[in-house]
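Here's the structure, in structure tokens; my notes come after.
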Amino acid sequence: MLGDATNWDEDAYRESLYKEREVQTRTVFRTAWAPSLSGCPESIVVASSDGSIASYSIASCISKLHSGYGNTKSLLAAEPHCFLQGHDGPAYDVKFFDAGDNTLLLSCGDDGHIRGWRWNECTDIEVPIYLQGSHIEPVMDLMNLQYKGPWGALSPIPENNAIATNTQSGSIFSAAGDSCAYCWDLESGKIKMVFKGHSDYLHCIVARNTVNQIITGSEDGTARIWDCKTGKCIQLIDPAKDNKKQKGNFSCVRCIALDASESWLACADGRSFSVWNLPASDFISRTLTRSSMQDMVFCDNQILGVGAEPLLTRFDIHGSILSEIQCAPQSAFSVAVHPSGVAAVGGYGGLVDVISQFGSHLCTFFCQYR
């Protein structure tokens with residue numbers, strides 16, 4: 001027997017399909033460990049493709065797993081402690097600006113904004129999760145410039161793909177879609193310097209604060225080291241120089257990483273990554289990978305990398321594989337390492353995999369909040 005279609009709501013049905021598809025395809029673009037007084041990994045902040053910024057308690061996720069809320073057949077759907085609707089469009093990066101009691105949670109995204117919230121307001125919030133979103137107002141909102149064209153037409157607002165910070169100078173650096181990097185003054189909210197030289201948009205940026213420099217990676221296939229006093233490029237790094245000589249072979253610099261001493265640089269371009277000694281300006285090694293590397297981070301004298309396959313790979317400084325650990329996201333876009341050695345991998349499907357320094361999975365959860 002056919003159902004009664006008298007009260008059929010086509011718009012509601014279509015909206016439910018869109019919502020279900022959005023949830024299934026949600027992507028975690030960045031994970032960042034929150035500051036902790038105990039020295040243990042307590043909570044992690046996630047930036048997602050729907051523009052949200054949300055924090056999750058690791059202890060809560062682990063306790064739910066032990067209580068039987070998650071298993072191998074059904075992933076744990078974790079509810080965040082704090083949820084912020086940070087951006088219109090995807091949120092690409094999240095960082096902490098460490099200023100003691102006034103520490104800021106920073107994010108950037110496709111809408112060209114860099115926004116900041118007081119972290120203590122996020123941790124102390126008592127509003128139910130379903131009422132959160134815009135409940136906590138940002139204390140900082142920076143927006144990329146638009147340029148006037150013929151007859152006063154304004155250019156699109158370039159997106160911000162990544163951010164870095166320098167707490168000593170009170171600066172925030174952004175890698176933008178107009179092929180420029182920007183230095184923002186946190187106190188005034190104004191641009192202090194523009195770094196021009198790349199020929200295509202920027203994917204990544206790191207701050208080398210010990211020598212007052214930044215390093216950017218671009219779609220043009222190069223990385224550049226910039227002097228923050230003059231705004232000039234002082235070194236051009238072309239990881240795939242030899243490969244570019246072959247017709248049709250071109251790779252962008254998708255991610256870069258600095259070690260704790262800020263002496264070693266890892267630079268990923270396509271299905272390979274290279275390692276450089278910065279004080280000596282020496283190329284050290286080049287390693288081919290099975291898939292494109294999408295994020296890297298140094299952990300002591302080793303490099304952890306994730307990419308377009310469900311693996312967390314650990315390399316030594318010369319590029320030799322030390323270990324491979326299966327992780328939940330089929331394509332991973334972010335790996336963050338806590339000082340204790342615990343790693344958080346985020347990626348496609350809104351999944352976050354938390355892995356101990358010994359390679360065991362502490363918990364795997366699906367980001368759920370509405």
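Here, A, B, ... name the chains of the structure tokens in the order displayed, residue numbers run from 1 inside each chain, and ligands are numbered from 1 in the same displayed order.
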
Inset, instruction - Go through stretch 78-217 of chain A and collect every residue that DSSP, computed from the backbone, puts in strand (DSSP E); the answer should be as an NGL selection string. - result: :A and (78 or 82-85 or 91-97 or 104-109 or 113-118 or 140-143 or 160-166 or 171-176 or 181-185 or 191-195 or 202-208 or 213-217)

Do you have, as a Markdown table, the list of residues of stretch 115-192 of chain A lying at most 12 Å from stretch 48-52 of chain A, each with its nearest atom pair and that distance in Å to one decimal, counting only C-alpha atoms and ordered by chain then number?
```
| residue | atom | partner | partner_atom | distance |
| --- | --- | --- | --- | --- |
| A:Arg115 | CA | A:Gly51 | CA | 11.7 |
| A:Gln132 | CA | A:Ser52 | CA | 11.0 |
| A:Gly133 | CA | A:Ser52 | CA | 8.1 |
| A:Ser134 | CA | A:Ser52 | CA | 10.3 |
```

Residue selection dump (all heavy atoms) as a PDB file, in the first residue's frame:
```pdb
ATOM      1  N   ARG A 115      39.939  35.022  13.602  1.00  0.00           N
ATOM      2  CA  ARG A 115      39.177  35.377  14.800  1.00  0.00           C
ATOM      3  C   ARG A 115      39.845  34.785  16.035  1.00  0.00           C
ATOM      4  O   ARG A 115      40.515  33.759  15.972  1.00  0.00           O
ATOM      5  CB  ARG A 115      37.733  34.888  14.687  1.00  0.00           C
ATOM      6  CG  ARG A 115      36.937  35.619  13.604  1.00  0.00           C
ATOM      7  CD  ARG A 115      35.446  35.322  13.697  1.00  0.00           C
ATOM      8  NE  ARG A 115      34.691  36.209  12.817  1.00  0.00           N
ATOM      9  CZ  ARG A 115      34.214  35.859  11.630  1.00  0.00           C
ATOM     10  NH1 ARG A 115      34.426  34.626  11.175  1.00  0.00           N
ATOM     11  NH2 ARG A 115      33.539  36.720  10.898  1.00  0.00           N
ATOM     12  N   GLN A 132      25.074  26.697  22.047  1.00  0.00           N
ATOM     13  CA  GLN A 132      26.343  27.338  21.723  1.00  0.00           C
ATOM     14  C   GLN A 132      26.457  27.568  20.219  1.00  0.00           C
ATOM     15  O   GLN A 132      25.616  27.155  19.445  1.00  0.00           O
ATOM     16  CB  GLN A 132      27.502  26.470  22.221  1.00  0.00           C
ATOM     17  CG  GLN A 132      27.573  26.338  23.726  1.00  0.00           C
ATOM     18  CD  GLN A 132      28.767  25.523  24.174  1.00  0.00           C
ATOM     19  OE1 GLN A 132      29.791  25.467  23.498  1.00  0.00           O
ATOM     20  NE2 GLN A 132      28.642  24.887  25.335  1.00  0.00           N
ATOM     21  N   GLY A 133      27.497  28.238  19.827  1.00  0.00           N
ATOM     22  CA  GLY A 133      27.733  28.572  18.422  1.00  0.00           C
ATOM     23  C   GLY A 133      28.288  29.969  18.352  1.00  0.00           C
ATOM     24  O   GLY A 133      29.480  30.194  18.175  1.00  0.00           O
ATOM     25  N   SER A 134      27.397  30.927  18.538  1.00  0.00           N
ATOM     26  CA  SER A 134      27.811  32.335  18.571  1.00  0.00           C
ATOM     27  C   SER A 134      27.650  32.908  19.970  1.00  0.00           C
ATOM     28  O   SER A 134      27.617  34.121  20.147  1.00  0.00           O
ATOM     29  CB  SER A 134      26.982  33.149  17.565  1.00  0.00           C
ATOM     30  OG  SER A 134      25.591  33.035  17.859  1.00  0.00           O
TER      31      SER A 134
END
```

Inset, instruction - Would you mind telling me which residue in A:Ile136, A:Ile172, A:Leu145, A:Ala32 lies nearest to A:Phe97 when using only C-alpha atoms? - result: A:Ile172

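Reported to one decimal place, the separation of atom CA of A:Ala308 from atom CA of A:Ser251 is 14.9 Å.
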
Legend entry - Residue neighbourhood A:Ile225, 8 Å, only C-alpha atoms, exclusion window fewer than 5 positions, as a ChimeraX atom specification: /A:213-216,233-237

Kindly save the residues from that selection, with all heavy atoms included, as an mmCIF file, in the first residue's frame.
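Output saved as again-v4.cif:
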```cif
data_model
loop_
_atom_site.group_PDB
_atom_site.id
_atom_site.type_symbol
_atom_site.label_atom_id
_atom_site.label_comp_id
_atom_site.auth_asym_id
_atom_site.auth_seq_id
_atom_site.Cartn_x
_atom_site.Cartn_y
_atom_site.Cartn_z
ATOM 1 N N GLN A 213 61.959 35.223 11.711
ATOM 2 C CA GLN A 213 61.661 34.875 10.317
ATOM 3 C C GLN A 213 60.353 34.092 10.246
ATOM 4 O O GLN A 213 59.869 33.568 11.251
ATOM 5 C CB GLN A 213 62.785 34.017 9.721
ATOM 6 C CG GLN A 213 64.126 34.695 9.621
ATOM 7 C CD GLN A 213 65.230 33.738 9.190
ATOM 8 O OE1 GLN A 213 65.015 32.534 9.057
ATOM 9 N NE2 GLN A 213 66.425 34.273 8.972
ATOM 10 N N ILE A 214 59.771 34.047 9.051
ATOM 11 C CA ILE A 214 58.680 33.129 8.773
ATOM 12 C C ILE A 214 59.044 32.332 7.525
ATOM 13 O O ILE A 214 59.883 32.754 6.718
ATOM 14 C CB ILE A 214 57.323 33.842 8.558
ATOM 15 C CG1 ILE A 214 57.401 34.826 7.376
ATOM 16 C CG2 ILE A 214 56.851 34.519 9.826
ATOM 17 C CD1 ILE A 214 56.050 35.369 6.934
ATOM 18 N N ILE A 215 58.411 31.159 7.381
ATOM 19 C CA ILE A 215 58.612 30.315 6.209
ATOM 20 C C ILE A 215 57.247 29.980 5.635
ATOM 21 O O ILE A 215 56.328 29.599 6.373
ATOM 22 C CB ILE A 215 59.368 29.024 6.571
ATOM 23 C CG1 ILE A 215 60.670 29.354 7.305
ATOM 24 C CG2 ILE A 215 59.674 28.209 5.311
ATOM 25 C CD1 ILE A 215 61.408 28.127 7.817
ATOM 26 N N THR A 216 57.099 30.150 4.329
ATOM 27 C CA THR A 216 55.815 29.911 3.665
ATOM 28 C C THR A 216 55.971 28.839 2.588
ATOM 29 O O THR A 216 57.031 28.686 1.988
ATOM 30 C CB THR A 216 55.290 31.206 3.012
ATOM 31 O OG1 THR A 216 56.312 31.734 2.137
ATOM 32 C CG2 THR A 216 54.945 32.248 4.061
ATOM 33 N N CYS A 233 62.336 38.365 1.024
ATOM 34 C CA CYS A 233 62.658 36.947 0.953
ATOM 35 C C CYS A 233 64.182 36.790 0.993
ATOM 36 O O CYS A 233 64.892 37.374 0.174
ATOM 37 C CB CYS A 233 62.085 36.335 -0.322
ATOM 38 S SG CYS A 233 62.540 34.601 -0.588
ATOM 39 N N ILE A 234 64.679 36.002 1.943
ATOM 40 C CA ILE A 234 66.128 35.835 2.071
ATOM 41 C C ILE A 234 66.598 34.479 1.565
ATOM 42 O O ILE A 234 67.793 34.268 1.395
ATOM 43 C CB ILE A 234 66.580 36.023 3.535
ATOM 44 C CG1 ILE A 234 65.863 35.038 4.459
ATOM 45 C CG2 ILE A 234 66.319 37.455 3.985
ATOM 46 C CD1 ILE A 234 66.338 35.113 5.893
ATOM 47 N N GLN A 235 65.648 33.569 1.308
ATOM 48 C CA GLN A 235 66.038 32.274 0.750
ATOM 49 C C GLN A 235 64.851 31.630 0.047
ATOM 50 O O GLN A 235 63.739 31.611 0.571
ATOM 51 C CB GLN A 235 66.567 31.334 1.839
ATOM 52 C CG GLN A 235 67.110 30.018 1.288
ATOM 53 C CD GLN A 235 67.691 29.120 2.368
ATOM 54 O OE1 GLN A 235 67.910 29.565 3.501
ATOM 55 N NE2 GLN A 235 67.944 27.863 2.048
ATOM 56 N N LEU A 236 65.103 31.118 -1.146
ATOM 57 C CA LEU A 236 64.098 30.395 -1.915
ATOM 58 C C LEU A 236 64.428 28.910 -1.879
ATOM 59 O O LEU A 236 65.553 28.516 -2.198
ATOM 60 C CB LEU A 236 64.072 30.893 -3.358
ATOM 61 C CG LEU A 236 63.159 30.137 -4.331
ATOM 62 C CD1 LEU A 236 61.706 30.357 -3.968
ATOM 63 C CD2 LEU A 236 63.428 30.571 -5.765
ATOM 64 N N ILE A 237 63.458 28.097 -1.471
ATOM 65 C CA ILE A 237 63.627 26.648 -1.434
ATOM 66 C C ILE A 237 62.718 26.034 -2.501
ATOM 67 O O ILE A 237 61.514 26.255 -2.493
ATOM 68 C CB ILE A 237 63.280 26.081 -0.044
ATOM 69 C CG1 ILE A 237 64.256 26.622 1.002
ATOM 70 C CG2 ILE A 237 63.284 24.555 -0.046
ATOM 71 C CD1 ILE A 237 63.932 26.222 2.413
#
```

Legend entry - Contacts of A:Ile303 at 6 Å (only C-alpha atoms; same-chain gap of 4+ positions) as a ChimeraX atom specification: /A:297-299,314-315

Stretch 74-91 of chain A environment, 7 Å, only C-alpha atoms, sequence neighbours closer than 3 positions dropped, as a compact mmCIF listing (two decimals) with all heavy atoms, in the first residue's frame:
```
# COMPACT_ATOMS: atom_id res chain seq x y z
N ALA A 47 39.25 22.19 14.02
CA ALA A 47 38.70 23.11 13.01
C ALA A 47 38.18 22.28 11.85
O ALA A 47 38.90 21.44 11.31
CB ALA A 47 39.78 24.08 12.53
N SER A 48 36.92 22.52 11.45
CA SER A 48 36.25 21.65 10.49
C SER A 48 35.77 22.38 9.25
O SER A 48 35.72 23.61 9.20
CB SER A 48 35.07 20.94 11.16
OG SER A 48 35.49 20.16 12.26
N SER A 49 35.35 21.57 8.28
CA SER A 49 34.93 22.09 6.97
C SER A 49 33.62 22.87 7.02
O SER A 49 33.30 23.58 6.07
CB SER A 49 34.80 20.94 5.97
OG SER A 49 33.91 19.96 6.45
N ASP A 50 32.86 22.74 8.10
CA ASP A 50 31.62 23.50 8.23
C ASP A 50 31.84 24.84 8.93
O ASP A 50 30.87 25.53 9.27
CB ASP A 50 30.55 22.68 8.96
CG ASP A 50 30.99 22.26 10.35
OD1 ASP A 50 32.13 22.60 10.74
OD2 ASP A 50 30.20 21.60 11.05
N GLY A 51 33.09 25.20 9.16
CA GLY A 51 33.41 26.49 9.79
C GLY A 51 33.43 26.46 11.29
O GLY A 51 33.65 27.50 11.92
N SER A 52 33.22 25.31 11.90
CA SER A 52 33.13 25.23 13.35
C SER A 52 34.51 25.05 13.99
O SER A 52 35.42 24.50 13.40
CB SER A 52 32.23 24.07 13.77
OG SER A 52 32.81 22.83 13.40
N ILE A 53 34.61 25.53 15.23
CA ILE A 53 35.76 25.32 16.09
C ILE A 53 35.20 24.68 17.37
O ILE A 53 34.34 25.26 18.02
CB ILE A 53 36.48 26.63 16.45
CG1 ILE A 53 36.75 27.47 15.18
CG2 ILE A 53 37.75 26.36 17.22
CD1 ILE A 53 37.69 26.83 14.21
N ALA A 54 35.67 23.48 17.71
CA ALA A 54 35.10 22.77 18.85
C ALA A 54 36.21 22.11 19.66
O ALA A 54 37.20 21.66 19.11
CB ALA A 54 34.10 21.71 18.38
N SER A 55 36.01 22.05 20.99
CA SER A 55 36.99 21.41 21.87
C SER A 55 36.38 20.15 22.47
O SER A 55 35.20 20.12 22.82
CB SER A 55 37.44 22.36 22.99
OG SER A 55 36.36 22.65 23.86
N TYR A 56 37.22 19.10 22.60
CA TYR A 56 36.77 17.81 23.09
C TYR A 56 37.66 17.36 24.24
O TYR A 56 38.88 17.53 24.20
CB TYR A 56 36.81 16.76 21.97
CG TYR A 56 35.86 17.04 20.84
CD1 TYR A 56 36.22 17.87 19.79
CD2 TYR A 56 34.58 16.49 20.83
CE1 TYR A 56 35.34 18.14 18.76
CE2 TYR A 56 33.70 16.75 19.80
CZ TYR A 56 34.08 17.58 18.77
OH TYR A 56 33.19 17.85 17.75
N SER A 57 37.05 16.77 25.25
CA SER A 57 37.78 16.23 26.40
C SER A 57 38.25 14.82 26.07
O SER A 57 37.43 13.94 25.77
CB SER A 57 36.88 16.22 27.63
OG SER A 57 37.45 15.42 28.66
N CYS A 61 36.16 11.10 26.33
CA CYS A 61 36.07 10.15 25.22
C CYS A 61 36.53 8.77 25.64
O CYS A 61 35.89 7.76 25.32
CB CYS A 61 36.89 10.66 24.03
SG CYS A 61 36.24 12.13 23.23
N TYR A 69 30.31 2.84 24.92
CA TYR A 69 29.62 3.73 23.98
C TYR A 69 30.16 3.61 22.56
O TYR A 69 29.51 3.98 21.61
CB TYR A 69 29.76 5.19 24.45
CG TYR A 69 28.83 5.54 25.57
CD1 TYR A 69 29.23 5.39 26.89
CD2 TYR A 69 27.56 6.04 25.31
CE1 TYR A 69 28.39 5.72 27.93
CE2 TYR A 69 26.70 6.37 26.35
CZ TYR A 69 27.13 6.21 27.65
OH TYR A 69 26.29 6.53 28.68
N GLY A 70 31.40 3.15 22.42
CA GLY A 70 31.98 3.01 21.09
C GLY A 70 32.63 1.65 20.94
O GLY A 70 33.12 1.07 21.90
N ASN A 71 32.63 1.11 19.73
CA ASN A 71 33.28 -0.17 19.46
C ASN A 71 33.78 -0.18 18.04
O ASN A 71 33.70 0.82 17.33
CB ASN A 71 32.32 -1.33 19.74
CG ASN A 71 31.00 -1.15 19.00
OD1 ASN A 71 31.00 -0.94 17.79
ND2 ASN A 71 29.89 -1.22 19.72
N CYS A 108 41.38 30.56 11.50
CA CYS A 108 41.25 31.26 10.22
C CYS A 108 40.49 30.37 9.26
O CYS A 108 40.34 29.16 9.48
CB CYS A 108 42.62 31.62 9.64
SG CYS A 108 43.59 30.19 9.09
N GLY A 109 39.99 30.97 8.16
CA GLY A 109 39.17 30.18 7.26
C GLY A 109 38.98 30.76 5.89
O GLY A 109 39.63 31.75 5.49
N ASP A 110 38.05 30.15 5.18
CA ASP A 110 37.80 30.49 3.79
C ASP A 110 37.17 31.87 3.62
O ASP A 110 37.21 32.43 2.53
CB ASP A 110 36.86 29.42 3.19
CG ASP A 110 36.81 29.46 1.67
OD1 ASP A 110 37.86 29.27 1.03
OD2 ASP A 110 35.71 29.71 1.11
N ASP A 111 36.59 32.42 4.68
CA ASP A 111 35.95 33.72 4.60
C ASP A 111 36.93 34.88 4.71
O ASP A 111 36.52 36.05 4.69
CB ASP A 111 34.85 33.86 5.65
CG ASP A 111 35.37 33.64 7.07
OD1 ASP A 111 36.59 33.48 7.25
OD2 ASP A 111 34.54 33.62 8.01
N CYS A 122 36.09 29.85 26.97
CA CYS A 122 35.69 28.61 26.32
C CYS A 122 35.68 27.44 27.32
O CYS A 122 34.80 26.58 27.27
CB CYS A 122 36.62 28.28 25.16
SG CYS A 122 36.63 29.50 23.83
N ILE A 129 25.29 22.65 25.03
CA ILE A 129 25.94 22.62 23.73
C ILE A 129 25.00 23.02 22.60
O ILE A 129 25.41 23.67 21.63
CB ILE A 129 26.56 21.22 23.47
CG1 ILE A 129 27.50 21.27 22.27
CG2 ILE A 129 25.48 20.18 23.30
CD1 ILE A 129 28.71 22.11 22.44
N GLN A 132 25.07 26.70 22.05
CA GLN A 132 26.34 27.34 21.72
C GLN A 132 26.46 27.57 20.22
O GLN A 132 25.62 27.16 19.44
CB GLN A 132 27.50 26.47 22.22
CG GLN A 132 27.57 26.34 23.73
CD GLN A 132 28.77 25.52 24.17
OE1 GLN A 132 29.79 25.47 23.50
NE2 GLN A 132 28.64 24.89 25.34
N GLY A 133 27.50 28.24 19.83
CA GLY A 133 27.73 28.57 18.42
C GLY A 133 28.29 29.97 18.35
O GLY A 133 29.48 30.19 18.17
N SER A 134 27.40 30.93 18.54
CA SER A 134 27.81 32.34 18.57
C SER A 134 27.65 32.91 19.97
O SER A 134 27.62 34.12 20.15
CB SER A 134 26.98 33.15 17.56
OG SER A 134 25.59 33.03 17.86
N THR A 364 39.13 6.92 19.35
CA THR A 364 38.79 7.42 18.01
C THR A 364 37.36 7.92 18.07
O THR A 364 36.47 7.19 18.52
CB THR A 364 38.90 6.32 16.94
OG1 THR A 364 40.24 5.81 16.94
CG2 THR A 364 38.59 6.88 15.56
N PHE A 365 37.14 9.17 17.68
CA PHE A 365 35.78 9.69 17.80
C PHE A 365 35.37 10.47 16.56
O PHE A 365 36.20 10.95 15.79
CB PHE A 365 35.62 10.54 19.06
CG PHE A 365 36.46 11.79 19.11
CD1 PHE A 365 36.02 12.99 18.59
CD2 PHE A 365 37.72 11.76 19.71
CE1 PHE A 365 36.78 14.14 18.65
CE2 PHE A 365 38.50 12.90 19.78
CZ PHE A 365 38.03 14.09 19.24
N PHE A 366 34.06 10.54 16.40
CA PHE A 366 33.42 11.31 15.34
C PHE A 366 32.91 12.60 15.93
O PHE A 366 32.24 12.61 16.97
CB PHE A 366 32.28 10.49 14.73
CG PHE A 366 31.32 11.28 13.88
CD1 PHE A 366 31.68 11.70 12.63
CD2 PHE A 366 30.06 11.62 14.36
CE1 PHE A 366 30.81 12.45 11.84
CE2 PHE A 366 29.18 12.36 13.60
CZ PHE A 366 29.56 12.77 12.33
N CYS A 367 33.25 13.73 15.32
CA CYS A 367 32.86 15.03 15.85
C CYS A 367 31.35 15.26 15.65
O CYS A 367 30.88 15.39 14.53
CB CYS A 367 33.64 16.16 15.16
SG CYS A 367 35.43 16.03 15.36
N GLN A 368 30.62 15.30 16.76
CA GLN A 368 29.18 15.48 16.69
C GLN A 368 28.78 16.57 17.67
O GLN A 368 29.23 16.60 18.81
CB GLN A 368 28.45 14.18 17.06
CG GLN A 368 26.94 14.30 17.03
CD GLN A 368 26.26 13.00 17.43
OE1 GLN A 368 26.92 12.05 17.83
NE2 GLN A 368 24.96 12.95 17.31
N TYR A 369 27.91 17.48 17.23
CA TYR A 369 27.47 18.52 18.13
C TYR A 369 26.09 19.05 17.83
O TYR A 369 25.58 19.90 18.54
CB TYR A 369 28.47 19.69 18.12
CG TYR A 369 29.07 20.00 16.78
CD1 TYR A 369 28.36 20.66 15.79
CD2 TYR A 369 30.38 19.60 16.48
CE1 TYR A 369 28.93 20.92 14.57
CE2 TYR A 369 30.94 19.85 15.26
CZ TYR A 369 30.21 20.52 14.31
OH TYR A 369 30.77 20.78 13.08
```

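Counting only C-alpha atoms and comparing A:Asp93, A:Asp124, A:Asp101, A:Asp295, the residue that lies closest to A:Leu312 is A:Asp295.
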
Inset, instruction - Determine the nearest neighbour of A:Asp269 from the options A:Pro35, A:Pro339, A:Pro239, A:Gly152, counting only C-alpha atoms. - result: A:Pro239

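Atom CA of A:Cys363 is positioned 28.5 Å from atom CA of A:Gly116.
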
Legend entry - helix (DSSP H, G or I) call set, DSSP backbone run, stretch 183-348 of chain A, as a list in words: Asn209, Thr210, Val211, Asn243, Lys244 and Lys245 of chain A

Legend entry - Non-local contacts of A:Ala34 (7 Å; only C-alpha atoms; under 5 positions in same chain excluded) as a ChimeraX atom specification: /A:43-45

Would you export the selected residues with C-alpha atoms as an mmCIF file, in the first residue's frame, please?
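Wrote it out as result19.cif, contents follow:
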```cif
data_model
loop_
_atom_site.group_PDB
_atom_site.id
_atom_site.type_symbol
_atom_site.label_atom_id
_atom_site.label_comp_id
_atom_site.auth_asym_id
_atom_site.auth_seq_id
_atom_site.Cartn_x
_atom_site.Cartn_y
_atom_site.Cartn_z
ATOM 1 C CA SER A 43 41.501 18.449 25.510
ATOM 2 C CA ILE A 44 41.888 18.960 21.801
ATOM 3 C CA VAL A 45 40.486 21.681 19.546
#
```

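Shell of A:Ala336 at 7 Å, with only C-alpha atoms counted and residues fewer than 3 places along the chain excluded, is Thr31, Ala32, Trp33, Ala343, Ala344 and Val345 of chain A.
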
Inset, instruction - Tell me which of A:Thr230, A:Ser169, A:Thr289, A:Thr210 sits closest to A:Phe195, counting only C-alpha atoms. - result: A:Thr230

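Note that the spacing between atom CA of A:Val94 and atom CA of A:Gly170 amounts to 16.9 Å.
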
Inset, instruction - Rank nothing, just name the residue among A:Ala181, A:Cys40, A:Thr27, A:Thr222 nearest to A:Ser340, using only C-alpha atoms. - result: A:Cys40

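Of the listed residues (A:Val335, A:Val352, A:Ala153, A:Ala223), A:Ala223 comes nearest to A:Ser274; the distances count only C-alpha atoms.
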
Using only C-alpha atoms, what does the table of stretch 152-178 of chain A residues within 10 Å of stretch 140-144 of chain A look like, with each row giving the shortest atom pair and its distance in Å to one decimal, sorted by chain and ascending number, as a tab-separated table?
```
residue	atom	partner	partner_atom	distance
A:Pro156	CA	A:Asn144	CA	9.8
A:Ile157	CA	A:Asn144	CA	6.3
A:Pro158	CA	A:Asn144	CA	6.5
A:Glu159	CA	A:Asn144	CA	7.8
A:Asn160	CA	A:Asn144	CA	8.1
A:Ser174	CA	A:Asn144	CA	9.5
A:Ala176	CA	A:Asn144	CA	8.3
A:Gly177	CA	A:Asn144	CA	9.8
A:Asp178	CA	A:Asn144	CA	9.7
```
